[in-house]
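So the structure is just underneath, and the comments pick up after that.
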Amino acid sequence: MRRRKVADVMTTQVVTVAEETPFIEIVEAMAEHGIHAVPVVGRGGRVTGIVTDADLLRKQEYKDAEGPRTLLEALRRRRVHAKADAVDARGLMTAPAVTVPQDASVAEAARLLARHGFKQAPVVDADGRPAGIVTRADLLRVFLRSDDEIRDEIIREVLVDRLWQDPSQVAVRVQDGVVQLTGRVDRRSMIPVLVRLAAATEGVVDVQELLYYKQDDTIPESYRRV
């Protein structure tokens with residue numbers, strides 16, 4: 001079963017900035033290209049950080065802010081004060097950068113963004129140089145597959161290639177990404193495997209099954225008496 005890689009869904013026309021790029025030029029670059037983040041590239045050509053529109057807004061957020069009223073506010077202000085006063089990418093960026101290898105799977109990238117609470121991340125090649133940028137919206141494209149595509153893959157790659165199951169014995173129906181499996185399989189132990197592989201198919205939202213079996217191979221045979 002082929003799994004799409006980050007390289008298949010990422011934006012390749014990535015806009016980058018140098019560490020010394022001034023604040024205003026970063027704002028202009030984001031506005032010109034309609035983007036919300038730019039990877040920061042160091043002298044060696046490798047990604048060293050990322051600047052988002054949230055980082056840029058720190059300056060506006062604290063421009064007319066009153067002094068902190070509580071200890072918690074003071075601690076939070078201290079953490080972001082450096083970015084509010086920054087004048088270039090080096091001071092604005094989040095570093096070290098959380099990057100995604102271009103050969104990572106879509107699922108791996110989704111887990112990475114979720115773990116760090118990011119909306120996007122730079123994609124790098126084997127040398128750590130920028131290859132693109134991937135966003136949450138890019139990763140959700142796997143759910144735009146048609147029901148027919150999903151059904152054909154489950155029949156061809158799951159039932160036939162992986163389980164050697166006669167596809168005429170199992171009906172596969174897909175509606176809005178929800179897979180319904182009905183019919184009969186050869187062995188009872190195949191049912192959870194079939195459900196798991198169908199659920200792992202890209203674009204599948206849920207799997208519902210009503211399957212029977214010819215042979216219950218989950219119960220060990222009794223020992224014969226000598």
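Scheme for the structure tokens: letters A, B, ... for chains in order shown; per-chain residue numbers from 1; ligand numbers from 1 in order shown.
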Please produce, as a tab-separated table, a per-residue contact table for range 160-222 of chain A versus range 133-148 of chain A (criterion: any atom at most 9 Å away, only C-alpha atoms considered), showing the nearest atom pair and its distance in Å to one decimal, sorted by chain then residue number.
residue	atom	partner	partner_atom	distance
A:Arg173	CA	A:Asp147	CA	8.4
A:Val174	CA	A:Asp147	CA	5.4
A:Gln175	CA	A:Asp147	CA	6.1
A:Asp176	CA	A:Asp147	CA	6.5
A:Gly177	CA	A:Asp147	CA	6.1
A:Val178	CA	A:Asp147	CA	8.5
A:Val179	CA	A:Asp147	CA	8.8
A:Glu202	CA	A:Val142	CA	5.9
A:Gly203	CA	A:Phe143	CA	4.1
A:Val204	CA	A:Phe143	CA	7.0
A:Val205	CA	A:Phe143	CA	7.8
(request) Mind checking which residues fall within 9 Å of Ala97 in chain A, counting only C-alpha atoms, ignoring those fewer than 3 positions away in the same chain, and posting them as a PyMOL selection string? (result) chain A and resi 39-40+47-50+93-94+121-122
(message) Env of Asp85 in chain A: 9 Å cut, atoms = only C-alpha atoms, seq-sep filter 5 positions within chain, self excluded. Answer as JSON, numbers by chain.
(response) {"A": [58, 59, 80, 91, 92]}
Long-range neighbours of range 194-196 of chain A as a PDB file with C-alpha atoms, in the first residue's frame, 8 Å cut-off, only C-alpha atoms, 2 positions minimum in chain:
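Wrote it out as result.pdb, contents follow:
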ATOM      1  CA  VAL A 158      -5.838  -5.117   0.781  1.00  0.00           C
ATOM      2  CA  LEU A 159      -8.129  -7.968  -0.203  1.00  0.00           C
ATOM      3  CA  LEU A 163      -4.844 -11.100   2.215  1.00  0.00           C
ATOM      4  CA  MET A 190      -8.559 -12.187   8.999  1.00  0.00           C
ATOM      5  CA  ILE A 191     -11.363  -9.874  10.133  1.00  0.00           C
ATOM      6  CA  PRO A 192      -9.356  -7.572  12.474  1.00  0.00           C
ATOM      7  CA  ALA A 198      -8.775  -0.748   5.392  1.00  0.00           C
ATOM      8  CA  ALA A 199      -8.612   1.921   8.107  1.00  0.00           C
ATOM      9  CA  ALA A 200      -4.971   2.602   7.204  1.00  0.00           C
ATOM     10  CA  VAL A 207     -14.545   1.455   8.887  1.00  0.00           C
ATOM     11  CA  GLU A 209     -17.833  -4.228   9.263  1.00  0.00           C
TER      12      GLU A 209
END
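Residue nearest Gly42 in chain A, chosen from A:Ala18, A:Ala7, A:Leu113, A:Val185 and counting only C-alpha atoms: A:Ala18.
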(request) Just list the residues in range 4-187 of chain A DSSP gives alpha helix (DSSP H) on the backbone, as a ChimeraX atom specification. (result) /A:6-9,23-33,53-61,71-85,89-92,106-116,136-139,147-153
Could you write those residues out with C-alpha atoms, as a PDB file, in the first residue's frame?
ATOM      1  CA  VAL A   6       5.313  14.995   2.474  1.00  0.00           C
ATOM      2  CA  ALA A   7       7.016  15.692  -0.862  1.00  0.00           C
ATOM      3  CA  ASP A   8       3.729  14.781  -2.577  1.00  0.00           C
ATOM      4  CA  VAL A   9       1.638  17.417  -0.769  1.00  0.00           C
ATOM      5  CA  PHE A  23      11.492  43.057  10.043  1.00  0.00           C
ATOM      6  CA  ILE A  24       9.838  45.182   7.342  1.00  0.00           C
ATOM      7  CA  GLU A  25      11.141  42.989   4.518  1.00  0.00           C
ATOM      8  CA  ILE A  26       9.698  39.899   6.204  1.00  0.00           C
ATOM      9  CA  VAL A  27       6.308  41.591   6.494  1.00  0.00           C
ATOM     10  CA  GLU A  28       6.467  42.617   2.830  1.00  0.00           C
ATOM     11  CA  ALA A  29       7.416  39.094   1.728  1.00  0.00           C
ATOM     12  CA  MET A  30       4.509  37.526   3.601  1.00  0.00           C
ATOM     13  CA  ALA A  31       2.055  40.109   2.255  1.00  0.00           C
ATOM     14  CA  GLU A  32       3.297  39.783  -1.321  1.00  0.00           C
ATOM     15  CA  HIS A  33       3.030  35.997  -1.399  1.00  0.00           C
ATOM     16  CA  ASP A  53       2.864  36.088  11.378  1.00  0.00           C
ATOM     17  CA  ALA A  54       2.271  35.537  15.110  1.00  0.00           C
ATOM     18  CA  ASP A  55       5.916  36.373  15.747  1.00  0.00           C
ATOM     19  CA  LEU A  56       5.556  39.598  13.783  1.00  0.00           C
ATOM     20  CA  LEU A  57       2.412  40.583  15.648  1.00  0.00           C
ATOM     21  CA  ARG A  58       4.267  40.590  18.958  1.00  0.00           C
ATOM     22  CA  LYS A  59       5.581  44.044  18.121  1.00  0.00           C
ATOM     23  CA  GLN A  60       2.079  45.422  17.608  1.00  0.00           C
ATOM     24  CA  GLU A  61       0.716  43.538  20.611  1.00  0.00           C
ATOM     25  CA  LEU A  71       3.456  37.612  38.166  1.00  0.00           C
ATOM     26  CA  LEU A  72       2.067  35.342  35.442  1.00  0.00           C
ATOM     27  CA  GLU A  73       1.708  38.284  33.070  1.00  0.00           C
ATOM     28  CA  ALA A  74       5.248  39.375  33.891  1.00  0.00           C
ATOM     29  CA  LEU A  75       6.656  35.941  33.098  1.00  0.00           C
ATOM     30  CA  ARG A  76       4.734  35.740  29.835  1.00  0.00           C
ATOM     31  CA  ARG A  77       5.829  39.233  28.861  1.00  0.00           C
ATOM     32  CA  ARG A  78       9.438  38.331  29.523  1.00  0.00           C
ATOM     33  CA  ARG A  79       9.237  35.321  27.211  1.00  0.00           C
ATOM     34  CA  VAL A  80       7.869  37.283  24.281  1.00  0.00           C
ATOM     35  CA  HIS A  81       9.515  40.627  24.944  1.00  0.00           C
ATOM     36  CA  ALA A  82      12.589  39.677  22.947  1.00  0.00           C
ATOM     37  CA  LYS A  83      10.498  39.016  19.842  1.00  0.00           C
ATOM     38  CA  ALA A  84       8.530  42.214  20.352  1.00  0.00           C
ATOM     39  CA  ASP A  85      11.781  44.182  20.290  1.00  0.00           C
ATOM     40  CA  ALA A  89      14.681  37.376  11.446  1.00  0.00           C
ATOM     41  CA  ARG A  90      17.355  36.236  13.873  1.00  0.00           C
ATOM     42  CA  GLY A  91      15.513  37.849  16.764  1.00  0.00           C
ATOM     43  CA  LEU A  92      12.036  36.957  15.544  1.00  0.00           C
ATOM     44  CA  VAL A 106       1.862  12.441   5.698  1.00  0.00           C
ATOM     45  CA  ALA A 107       0.869  10.737   8.961  1.00  0.00           C
ATOM     46  CA  GLU A 108       4.298  11.367  10.498  1.00  0.00           C
ATOM     47  CA  ALA A 109       4.146  15.036   9.546  1.00  0.00           C
ATOM     48  CA  ALA A 110       0.644  15.387  10.972  1.00  0.00           C
ATOM     49  CA  ARG A 111       1.762  13.911  14.292  1.00  0.00           C
ATOM     50  CA  LEU A 112       4.751  16.274  14.374  1.00  0.00           C
ATOM     51  CA  LEU A 113       2.633  19.374  13.830  1.00  0.00           C
ATOM     52  CA  ALA A 114       0.080  18.212  16.396  1.00  0.00           C
ATOM     53  CA  ARG A 115       2.746  17.445  18.991  1.00  0.00           C
ATOM     54  CA  HIS A 116       4.245  20.930  18.749  1.00  0.00           C
ATOM     55  CA  ARG A 136      -2.171  21.441   8.057  1.00  0.00           C
ATOM     56  CA  ALA A 137      -4.273  22.101   4.953  1.00  0.00           C
ATOM     57  CA  ASP A 138      -1.718  20.243   2.817  1.00  0.00           C
ATOM     58  CA  LEU A 139      -1.873  17.204   5.091  1.00  0.00           C
ATOM     59  CA  ASP A 147     -14.851   7.094  -2.733  1.00  0.00           C
ATOM     60  CA  ASP A 148     -14.142   5.088  -5.885  1.00  0.00           C
ATOM     61  CA  GLU A 149     -10.388   5.517  -5.475  1.00  0.00           C
ATOM     62  CA  ILE A 150     -10.561   4.325  -1.881  1.00  0.00           C
ATOM     63  CA  ARG A 151     -12.756   1.352  -2.768  1.00  0.00           C
ATOM     64  CA  ASP A 152     -10.501   0.263  -5.632  1.00  0.00           C
ATOM     65  CA  GLU A 153      -7.394   0.418  -3.445  1.00  0.00           C
TER      66      GLU A 153
END
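CA of Val160 in chain A is found 14.2 Å from CA of Arg184 in chain A.
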(request) Rounded to one decimal place, report the CA of Glu19 in chain A-CA of Ser105 in chain A distance in Å. (result)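 Between CA of Glu19 in chain A and CA of Ser105 in chain A the gap is 29.3 Å.
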(request) Rank A:Thr16, A:Thr21, A:Gln120, A:Thr99 by their smallest atom-to-atom distance to Val38 in chain A, using only C-alpha atoms, and report the top residue only. (result) A:Thr16
(message) With DSSP run on the backbone, what are the strand (DSSP E or B) residues within range 68-222 of chain A? I'd like them as a PyMOL selection string.
(response) chain A and resi 88+94+100-101+105+120-124+130-135+170-175+178-187+206-215
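If you measure from each of A:Asp103, A:Glu157, A:Asp88, A:Asp186 to Gln215 in chain A using only C-alpha atoms, the closest one turns out to be A:Asp186.
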